[in-house]
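Shown below: target.tsv, with TSV, C-alpha atoms and all ligand atoms.
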```
chain	number	residue	atom	x	y	z
A	207	MET	CA	18.16	-5.32	9.84
A	208	GLU	CA	15.43	-4.29	12.19
A	209	LEU	CA	12.30	-2.23	11.73
A	210	LYS	CA	11.85	0.13	14.65
A	211	ALA	CA	8.82	2.38	15.01
A	212	VAL	CA	9.74	6.07	14.76
A	213	ASP	CA	7.91	8.57	16.97
A	214	TYR	CA	6.29	11.02	14.56
A	215	GLN	CA	6.46	13.79	17.20
A	216	SER	CA	10.16	13.36	17.97
A	217	PRO	CA	12.58	16.17	16.93
A	218	THR	CA	14.57	13.65	14.86
A	219	ALA	CA	11.50	12.02	13.30
A	220	ALA	CA	12.18	13.09	9.69
A	221	GLU	CA	15.79	11.97	9.83
A	222	ASP	CA	15.06	8.63	11.55
A	223	PHE	CA	12.13	7.82	9.30
A	224	VAL	CA	13.96	8.58	6.05
A	225	GLU	CA	17.03	6.64	7.22
A	226	SER	CA	14.79	3.61	7.77
A	227	LEU	CA	13.31	4.01	4.26
A	228	ARG	CA	16.79	4.24	2.79
A	229	GLN	CA	18.05	1.13	4.61
A	230	THR	CA	15.00	-1.12	4.31
A	231	GLY	CA	12.46	0.48	1.95
A	232	PHE	CA	10.12	0.56	4.97
A	233	GLY	CA	9.43	3.01	7.77
A	234	VAL	CA	7.11	2.48	10.73
A	235	LEU	CA	5.49	5.46	12.51
A	236	LYS	CA	3.90	5.69	15.92
A	237	ASN	CA	2.27	8.69	17.59
A	238	HIS	CA	1.09	9.97	14.18
A	239	PRO	CA	-2.03	12.01	13.30
A	240	ILE	CA	-4.19	9.22	11.79
A	241	SER	CA	-6.96	8.31	14.23
A	242	LYS	CA	-6.97	4.69	15.44
A	243	GLN	CA	-10.68	4.85	16.05
A	244	GLN	CA	-11.24	5.85	12.45
A	245	VAL	CA	-9.17	2.90	11.21
A	246	SER	CA	-10.89	0.43	13.50
A	247	ASN	CA	-14.35	1.67	12.41
A	248	ILE	CA	-13.35	1.20	8.77
A	249	TYR	CA	-12.19	-2.37	9.49
A	250	THR	CA	-15.52	-3.19	11.15
A	251	HIS	CA	-17.71	-1.63	8.47
A	252	TRP	CA	-15.82	-3.10	5.53
A	253	GLN	CA	-15.66	-6.55	7.14
A	254	ALA	CA	-19.48	-6.42	7.15
A	255	PHE	CA	-19.47	-5.32	3.50
A	256	PHE	CA	-17.20	-8.23	2.48
A	257	ASN	CA	-19.42	-10.63	4.45
A	258	SER	CA	-22.54	-9.47	2.59
A	259	GLN	CA	-23.82	-10.30	-0.89
A	260	HIS	CA	-24.21	-6.54	-1.46
A	261	LYS	CA	-20.56	-6.48	-2.62
A	262	ALA	CA	-21.49	-8.05	-5.97
A	263	ASP	CA	-23.48	-4.89	-6.82
A	264	PHE	CA	-20.20	-2.97	-6.82
A	265	THR	CA	-18.16	-5.24	-9.10
A	266	TYR	CA	-15.25	-3.26	-10.52
A	267	ASN	CA	-15.49	-1.31	-13.74
A	268	LYS	CA	-13.06	-2.74	-16.27
A	269	GLY	CA	-12.01	0.58	-17.83
A	270	THR	CA	-11.55	2.62	-14.65
A	271	GLN	CA	-10.71	-0.19	-12.16
A	272	ASP	CA	-12.84	1.15	-9.29
A	273	GLY	CA	-15.01	-1.14	-7.18
A	274	PHE	CA	-15.01	-4.69	-5.84
A	275	PHE	CA	-12.58	-7.34	-7.11
A	276	PRO	CA	-13.75	-10.83	-6.14
A	277	GLN	CA	-11.33	-13.62	-5.27
A	278	SER	CA	-11.90	-15.11	-8.76
A	279	VAL	CA	-10.17	-12.14	-10.44
A	280	SER	CA	-7.68	-11.43	-7.65
A	281	GLU	CA	-4.12	-10.55	-8.59
A	282	ILE	CA	-1.38	-12.90	-9.65
A	283	ALA	CA	1.91	-11.33	-8.56
A	284	LYS	CA	4.62	-10.90	-11.20
A	285	GLY	CA	6.39	-14.22	-11.73
A	286	PHE	CA	3.77	-16.30	-9.87
A	287	LYS	CA	1.10	-18.67	-11.17
A	288	ARG	CA	-1.36	-18.85	-8.27
A	289	LYS	CA	-3.88	-16.19	-7.44
A	290	ASP	CA	-3.51	-14.54	-4.07
A	291	ILE	CA	-6.05	-15.59	-1.41
A	292	LYS	CA	-7.79	-12.24	-1.14
A	293	GLU	CA	-10.58	-10.03	-2.38
A	294	TYR	CA	-10.49	-6.24	-2.37
A	295	TYR	CA	-12.16	-2.95	-3.13
A	296	HIS	CA	-10.53	-0.11	-5.05
A	297	TYR	CA	-11.71	3.23	-3.69
A	298	TYR	CA	-11.13	6.46	-5.61
A	299	PRO	CA	-12.95	9.67	-4.64
A	300	TRP	CA	-14.40	9.77	-8.18
A	301	GLY	CA	-15.31	6.07	-8.24
A	302	GLN	CA	-18.22	3.93	-7.15
A	303	CYS	CA	-18.72	3.34	-3.41
A	304	PRO	CA	-21.56	2.03	-1.23
A	305	ALA	CA	-23.41	5.14	0.03
A	306	GLU	CA	-23.28	4.08	3.70
A	307	LEU	CA	-19.46	3.74	3.60
A	308	LYS	CA	-18.60	6.78	1.51
A	309	SER	CA	-18.07	9.64	4.00
A	310	GLU	CA	-15.98	7.57	6.42
A	311	ILE	CA	-13.67	6.13	3.77
A	312	ASP	CA	-13.35	9.46	1.97
A	313	LYS	CA	-12.27	11.20	5.16
A	314	TYR	CA	-9.60	8.57	5.73
A	315	TYR	CA	-8.44	8.96	2.12
A	316	GLN	CA	-8.13	12.76	2.42
A	317	ASP	CA	-6.47	12.67	5.87
A	318	THR	CA	-3.90	10.14	4.75
A	319	LEU	CA	-3.26	12.02	1.52
A	320	SER	CA	-2.38	15.12	3.58
A	321	LEU	CA	-0.04	13.07	5.75
A	322	ALA	CA	1.56	11.68	2.57
A	323	GLU	CA	2.38	15.20	1.36
A	324	HIS	CA	4.11	15.83	4.66
A	325	LEU	CA	6.08	12.56	4.50
A	326	LEU	CA	7.15	13.25	0.90
A	327	ASN	CA	8.49	16.61	2.10
A	328	TRP	CA	10.49	14.78	4.77
A	329	ILE	CA	11.85	12.41	2.14
A	330	GLU	CA	12.88	15.26	-0.14
A	331	GLN	CA	14.40	17.32	2.66
A	332	GLU	CA	16.45	14.36	3.93
A	333	SER	CA	17.66	13.28	0.47
A	334	PRO	CA	21.23	14.22	-0.45
A	335	GLU	CA	21.49	17.03	-3.00
A	336	SER	CA	22.82	14.57	-5.60
A	337	VAL	CA	19.46	12.73	-5.41
A	338	SER	CA	16.99	15.59	-4.89
A	339	LYS	CA	18.40	17.66	-7.76
A	340	ASN	CA	16.98	15.04	-10.12
A	341	PHE	CA	13.40	15.38	-8.85
A	342	ARG	CA	11.62	17.24	-11.68
A	343	GLU	CA	9.25	18.89	-9.21
A	344	PRO	CA	8.79	18.72	-5.43
A	345	LEU	CA	7.78	15.14	-4.52
A	346	SER	CA	4.77	16.36	-2.55
A	347	ASN	CA	3.61	18.27	-5.62
A	348	MET	CA	3.57	15.12	-7.74
A	349	ILE	CA	0.55	13.67	-5.90
A	350	ILE	CA	-1.61	16.82	-5.82
A	351	ASN	CA	-4.84	16.40	-7.83
A	352	SER	CA	-3.45	13.23	-9.38
A	353	GLY	CA	-6.75	11.33	-9.48
A	354	GLN	CA	-4.64	8.14	-9.55
A	355	THR	CA	-4.03	7.65	-5.82
A	356	LEU	CA	-5.73	4.41	-4.87
A	357	LEU	CA	-7.09	3.27	-1.52
A	358	ARG	CA	-7.37	-0.51	-1.50
A	359	ILE	CA	-9.48	-2.18	1.16
A	360	LEU	CA	-8.24	-5.75	1.35
A	361	HIS	CA	-10.06	-8.71	2.83
A	362	TYR	CA	-8.13	-11.91	3.35
A	363	PRO	CA	-10.81	-14.44	4.25
A	364	PRO	CA	-10.31	-17.12	6.91
A	365	LEU	CA	-8.50	-20.12	5.40
A	366	ALA	CA	-10.87	-22.93	4.51
A	367	GLY	CA	-8.18	-25.62	4.27
A	368	ASP	CA	-8.77	-26.31	0.57
A	369	GLU	CA	-6.39	-23.62	-0.72
A	370	GLU	CA	-3.90	-24.62	-3.38
A	371	PRO	CA	-0.73	-25.69	-1.56
A	372	ASP	CA	1.46	-22.87	-2.82
A	373	ALA	CA	-1.14	-20.08	-2.73
A	374	ILE	CA	-0.60	-17.36	-0.13
A	375	ARG	CA	-2.50	-14.27	1.01
A	376	ALA	CA	-0.25	-11.96	-0.98
A	377	ALA	CA	2.68	-13.37	-2.92
A	378	ALA	CA	6.01	-11.53	-2.87
A	379	HIS	CA	5.84	-8.28	-4.83
A	380	GLU	CA	6.91	-4.66	-4.98
A	381	ASP	CA	4.46	-1.75	-5.10
A	382	ILE	CA	4.38	0.22	-8.36
A	383	ASN	CA	3.57	3.71	-6.98
A	384	LEU	CA	5.66	6.42	-5.21
A	385	ILE	CA	5.02	5.47	-1.57
A	386	THR	CA	2.41	3.34	0.20
A	387	ILE	CA	0.87	4.16	3.59
A	388	LEU	CA	-0.68	1.28	5.47
A	389	PRO	CA	-2.10	1.12	8.99
A	390	ALA	CA	-1.02	-2.03	10.83
A	391	ALA	CA	-3.66	-4.62	9.94
A	392	ASN	CA	-5.94	-6.33	12.45
A	393	GLU	CA	-3.84	-9.52	12.13
A	394	PRO	CA	-0.10	-10.14	11.53
A	395	GLY	CA	1.33	-11.63	8.34
A	396	LEU	CA	3.12	-8.78	6.54
A	397	GLN	CA	6.79	-9.56	5.94
A	398	VAL	CA	9.58	-7.69	4.17
A	399	LYS	CA	12.60	-9.15	2.45
A	400	ALA	CA	15.91	-8.07	3.98
A	401	LYS	CA	19.05	-7.47	1.93
A	402	ASP	CA	20.35	-10.92	2.99
A	403	GLY	CA	17.20	-12.59	1.60
A	404	THR	CA	15.58	-13.42	4.94
A	405	TRP	CA	11.96	-12.45	5.67
A	406	LEU	CA	11.32	-10.06	8.55
A	407	GLU	CA	8.01	-9.45	10.27
A	408	VAL	CA	6.74	-5.89	10.01
A	409	PRO	CA	5.72	-4.82	13.55
A	410	SER	CA	1.95	-5.09	13.42
A	411	ASP	CA	1.01	-3.33	16.67
A	412	PHE	CA	-2.37	-1.78	16.03
A	413	GLY	CA	-1.90	1.96	15.74
A	414	ASN	CA	1.41	1.79	13.87
A	415	LEU	CA	1.50	3.24	10.40
A	416	ILE	CA	3.68	1.44	7.88
A	417	VAL	CA	5.16	3.33	4.95
A	418	ASN	CA	7.04	1.75	2.08
A	419	ILE	CA	8.83	2.90	-1.04
A	420	GLY	CA	7.35	1.89	-4.39
A	421	ASP	CA	9.00	1.43	-7.78
A	422	MET	CA	8.21	4.96	-8.96
A	423	LEU	CA	10.17	6.59	-6.13
A	424	GLN	CA	12.96	4.08	-6.64
A	425	GLU	CA	13.03	5.18	-10.31
A	426	ALA	CA	12.80	8.91	-9.53
A	427	SER	CA	15.60	8.68	-6.94
A	428	GLY	CA	17.97	6.75	-9.22
A	429	HIS	CA	17.58	3.73	-6.89
A	430	TYR	CA	18.72	5.68	-3.81
A	431	PHE	CA	15.47	4.56	-2.14
A	432	PRO	CA	14.78	0.82	-2.55
A	433	SER	CA	11.36	-0.56	-3.47
A	434	THR	CA	11.48	-3.57	-1.20
A	435	THR	CA	9.82	-6.92	-1.81
A	436	HIS	CA	7.08	-7.81	0.66
A	437	ARG	CA	4.36	-10.42	1.09
A	438	VAL	CA	1.52	-11.52	3.37
A	439	VAL	CA	1.89	-15.06	4.68
A	440	ASN	CA	-0.94	-17.40	5.65
A	441	PRO	CA	-1.88	-17.65	9.31
A	442	LYS	CA	-1.28	-20.93	11.11
A	443	GLY	CA	-3.07	-22.84	13.86
A	444	ALA	CA	-5.96	-21.07	15.55
A	445	ASP	CA	-5.27	-17.89	13.55
A	446	ALA	CA	-6.16	-19.70	10.30
A	447	THR	CA	-9.84	-19.12	11.03
A	448	LYS	CA	-9.37	-15.35	11.33
A	449	ALA	CA	-9.97	-12.91	8.52
A	450	ARG	CA	-7.52	-10.07	7.96
A	451	ILE	CA	-8.40	-6.59	6.73
A	452	SER	CA	-5.83	-4.09	5.55
A	453	LEU	CA	-5.93	-0.64	4.05
A	454	PRO	CA	-3.01	0.42	1.85
A	455	LEU	CA	-3.11	3.88	0.25
A	456	PHE	CA	-1.00	3.81	-2.90
A	457	LEU	CA	0.22	7.33	-3.65
A	458	HIS	CA	0.38	7.85	-7.39
A	459	PRO	CA	1.75	10.90	-9.21
A	460	ARG	CA	-0.24	12.79	-11.83
A	461	PRO	CA	0.11	10.92	-15.14
A	462	ASP	CA	2.19	13.74	-16.69
A	463	VAL	CA	4.81	13.76	-13.90
A	464	VAL	CA	8.30	13.05	-15.25
A	465	LEU	CA	9.94	10.40	-13.05
A	466	SER	CA	13.26	10.09	-14.86
A	467	ASP	CA	14.83	10.40	-18.32
A	468	ASN	CA	13.10	7.14	-19.19
A	469	TYR	CA	9.58	7.46	-17.82
A	470	THR	CA	6.58	9.60	-17.14
A	471	ALA	CA	4.33	8.24	-14.39
A	472	ASP	CA	1.74	7.29	-17.00
A	473	ALA	CA	4.21	5.34	-19.16
A	474	TYR	CA	5.63	3.62	-16.08
A	475	LEU	CA	2.22	2.56	-14.78
A	476	LYS	CA	1.05	1.28	-18.16
A	477	GLU	CA	4.20	-0.79	-18.61
A	478	ARG	CA	3.78	-2.40	-15.20
A	479	LEU	CA	0.06	-3.08	-15.60
A	480	ARG	CA	0.73	-4.71	-18.99
A	481	GLU	CA	3.30	-7.01	-17.35
A	482	LEU	CA	0.68	-7.96	-14.77
A	483	GLY	CA	-1.90	-8.58	-17.48
A	484	VAL	CA	-4.32	-6.07	-15.90
A	485	VAL	CA	-4.65	-3.96	-19.08
A	501	LIG	O1	-2.14	-6.55	3.43
A	501	LIG	C1	-1.03	-6.07	3.64
A	501	LIG	O2	-0.57	-5.94	4.77
A	501	LIG	C2	-0.16	-5.62	2.48
A	501	LIG	C3	-0.85	-5.59	1.16
A	501	LIG	C4	0.06	-5.23	0.03
A	501	LIG	O3	1.25	-5.31	0.13
A	501	LIG	C5	-0.50	-4.75	-1.25
A	501	LIG	O4	-1.74	-4.84	-1.45
A	501	LIG	O5	0.28	-4.26	-2.09
A	502	FE	FE	2.26	-4.27	-1.49
```
As structure tokens:
Amino acid sequence: MELKAVDYQSPTAAEDFVESLRQTGFGVLKNHPISKQQVSNIYTHWQAFFNSQHKADFTYNKGTQDGFFPQSVSEIAKGFKRKDIKEYYHYYPWGQCPAELKSEIDKYYQDTLSLAEHLLNWIEQESPESVSKNFREPLSNMIINSGQTLLRILHYPPLAGDEEPDAIRAAAHEDINLITILPAANEPGLQVKAKDGTWLEVPSDFGNLIVNIGDMLQEASGHYFPSTTHRVVNPKGADATKARISLPLFLHPRPDVVLSDNYTADAYLKERLRELGVV
């Protein structure tokens, strides 16, 4: 298995991209409409935020889950015991946000949301009839005005050397949502699990956009699209002293969207968050 970047402008882009999602759960796009300058500005500004004490003023709200999550409450992936070596901020347009960062991050959120609608149309259009006939509404419709779509700004601090031996930046997991859109981070480390169990590097050339299938689209497609396990490994050697910032947008359906005979989006999310011990 190999992950090749698909040219967003190519006449066969939809077909090539969806074929990659089907085979690997991941698709990589180049030559896409998200501005690199915008992404690199966000990395710079949020790195400064994570470096400042100001972040503690935005500690997450327990009920609504928006705001800053310090390393001490960072996630433990399903089936793992160690906390990931990361801190992060959950941005929702309705949630708390430092005033000086708001307009930039909101623009990115809205731009990427529009791109997501387009990519969900590609996915639907390229799905065989036997799969798409089970979608209860157009996929791109599911994310409109959902209020649940989450932009996570992740900061993986430089390694200090005193980490617990088996702790990693992000332990192996699957995403819960429909699809995730992620600009290549400023440092490598993201890996995806191939069907044969080996770990493959996701091409991290700055400017690539990485898209992956989450559990909700796997469920809605009757497992036609695989929600693939991925992780972020620790840097070695000289890279250990480098921080890494990444910016996944987790596209969530409206809570009332019916995913399958077994689940609405709301019931699915609650079940998964309970398993993770988040609610
Ligand atoms: O940091 C990354 O590259 C990926 C993060 C991720 O997989 C997640 O937060 O779900
Ligand atoms: Fe993930």
Surrounding residues as a ChimeraX atom specification, ligand LIG 501 (chain A), max 10 Å, all atoms listed in the file: /A:281,283,292,294,357-362,375-383,386-398,408,410,416,418,420,435-439,450-456
Using all atoms listed in the file and a cutoff of 6 Å, can you tell me which residues are near (-10.1, -2.0, -5.8) in the file's coordinates, and write them out as a ChimeraX atom specification? /A:272-274,294-297,358
Polymer residues at most 8 Å from Ser280 in chain A, all atoms listed in the file, same-chain spacing of 5 or more positions, as a short mmCIF file (atom, residue, chain, number, x, y, z; two decimals) with C-alpha atoms, in the coordinates of the input:
```cif
data_model
loop_
_atom_site.label_atom_id
_atom_site.label_comp_id
_atom_site.auth_asym_id
_atom_site.auth_seq_id
_atom_site.Cartn_x
_atom_site.Cartn_y
_atom_site.Cartn_z
CA PHE A 275 -12.58 -7.34 -7.11
CA LYS A 289 -3.88 -16.19 -7.44
CA ASP A 290 -3.51 -14.54 -4.07
CA ILE A 291 -6.05 -15.59 -1.41
CA LYS A 292 -7.79 -12.24 -1.14
CA GLU A 293 -10.58 -10.03 -2.38
CA TYR A 294 -10.49 -6.24 -2.37
#
```
Could I get the residues of range 335-451 of chain A with an atom no further than 9 Å from an atom of range 462-481 of chain A, each paired with its nearest atom pair and that distance in Å to one decimal, using all atoms listed in the file, sorted by chain and residue number, as JSON lines?
```
{"residue": "A:Asn340", "atom": "CA", "partner": "A:Ser466", "partner_atom": "CA", "distance": 7.8}
{"residue": "A:Phe341", "atom": "CA", "partner": "A:Leu465", "partner_atom": "CA", "distance": 7.4}
{"residue": "A:Arg342", "atom": "CA", "partner": "A:Val464", "partner_atom": "CA", "distance": 6.4}
{"residue": "A:Glu343", "atom": "CA", "partner": "A:Val463", "partner_atom": "CA", "distance": 8.2}
{"residue": "A:Met348", "atom": "CA", "partner": "A:Val463", "partner_atom": "CA", "distance": 6.4}
{"residue": "A:Ile382", "atom": "CA", "partner": "A:Leu475", "partner_atom": "CA", "distance": 7.2}
{"residue": "A:Asn383", "atom": "CA", "partner": "A:Leu475", "partner_atom": "CA", "distance": 8.0}
{"residue": "A:Met422", "atom": "CA", "partner": "A:Leu465", "partner_atom": "CA", "distance": 7.0}
{"residue": "A:Leu423", "atom": "CA", "partner": "A:Leu465", "partner_atom": "CA", "distance": 7.9}
{"residue": "A:Glu425", "atom": "CA", "partner": "A:Leu465", "partner_atom": "CA", "distance": 6.7}
{"residue": "A:Ala426", "atom": "CA", "partner": "A:Leu465", "partner_atom": "CA", "distance": 4.8}
{"residue": "A:Ser427", "atom": "CA", "partner": "A:Ser466", "partner_atom": "CA", "distance": 8.4}
{"residue": "A:Gly428", "atom": "CA", "partner": "A:Ser466", "partner_atom": "CA", "distance": 8.1}
```
Can I get the selection written as a compact mmCIF listing (two decimals), in the coordinates of the input, with C-alpha atoms?
```
# COMPACT_ATOMS: atom_id res chain seq x y z
CA ASN A 340 16.98 15.04 -10.12
CA PHE A 341 13.40 15.38 -8.85
CA ARG A 342 11.62 17.24 -11.68
CA GLU A 343 9.25 18.89 -9.21
CA MET A 348 3.57 15.12 -7.74
CA ILE A 382 4.38 0.22 -8.36
CA ASN A 383 3.57 3.71 -6.98
CA MET A 422 8.21 4.96 -8.96
CA LEU A 423 10.17 6.59 -6.13
CA GLU A 425 13.03 5.18 -10.31
CA ALA A 426 12.80 8.91 -9.53
CA SER A 427 15.60 8.68 -6.94
CA GLY A 428 17.97 6.75 -9.22
```
For ligand FE 502 (chain A), which of A:Thr447, A:Gln277, A:Thr434, A:Ser352 is the closest residue, counting all atoms listed in the file? A:Thr434
Within-12 Å shell of (-21.0, 3.9, 4.5) in input frame, all atoms listed in the file, as a PyMOL selection string: chain A and resi 247-252+254-255+302-313
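Proximity to ligand FE 502 (chain A) was assessed for A:Ser433, A:Pro371, A:Leu406, A:Leu235 counting all atoms listed in the file; the smallest distance is recorded for A:Ser433.
Straight-line separation from CA of Ser246 in chain A to CA of Asp411 in chain A: 12.9 Å.
For the pair CA of Lys442 in chain A and CA of Gln253 in chain A, the interatomic distance is 20.7 Å.
Here CA of Pro461 in chain A and CA of Pro334 in chain A stand 25.9 Å from one another.
Between ligand FE 502 (chain A) and the candidates A:Gly483, A:Pro217, A:Gly231, A:Gly301, the tightest atom-to-atom separation, counting all atoms listed in the file, involves A:Gly231.
Nearest to Asn237 in chain A of all the residues A:Leu209, A:Asn351, A:Gly413, A:Phe264 is A:Gly413, counting only C-alpha atoms.
If all atoms listed in the file are the atoms counted, then among A:Glu407, A:Asp213, A:Asp421, A:Glu370 the closest residue to ligand FE 502 (chain A) is A:Asp421.
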With distances taken over only C-alpha atoms, which of A:Lys236, A:His458, A:Lys210, A:Lys242 is nearest to Tyr314 in chain A? A:Lys242
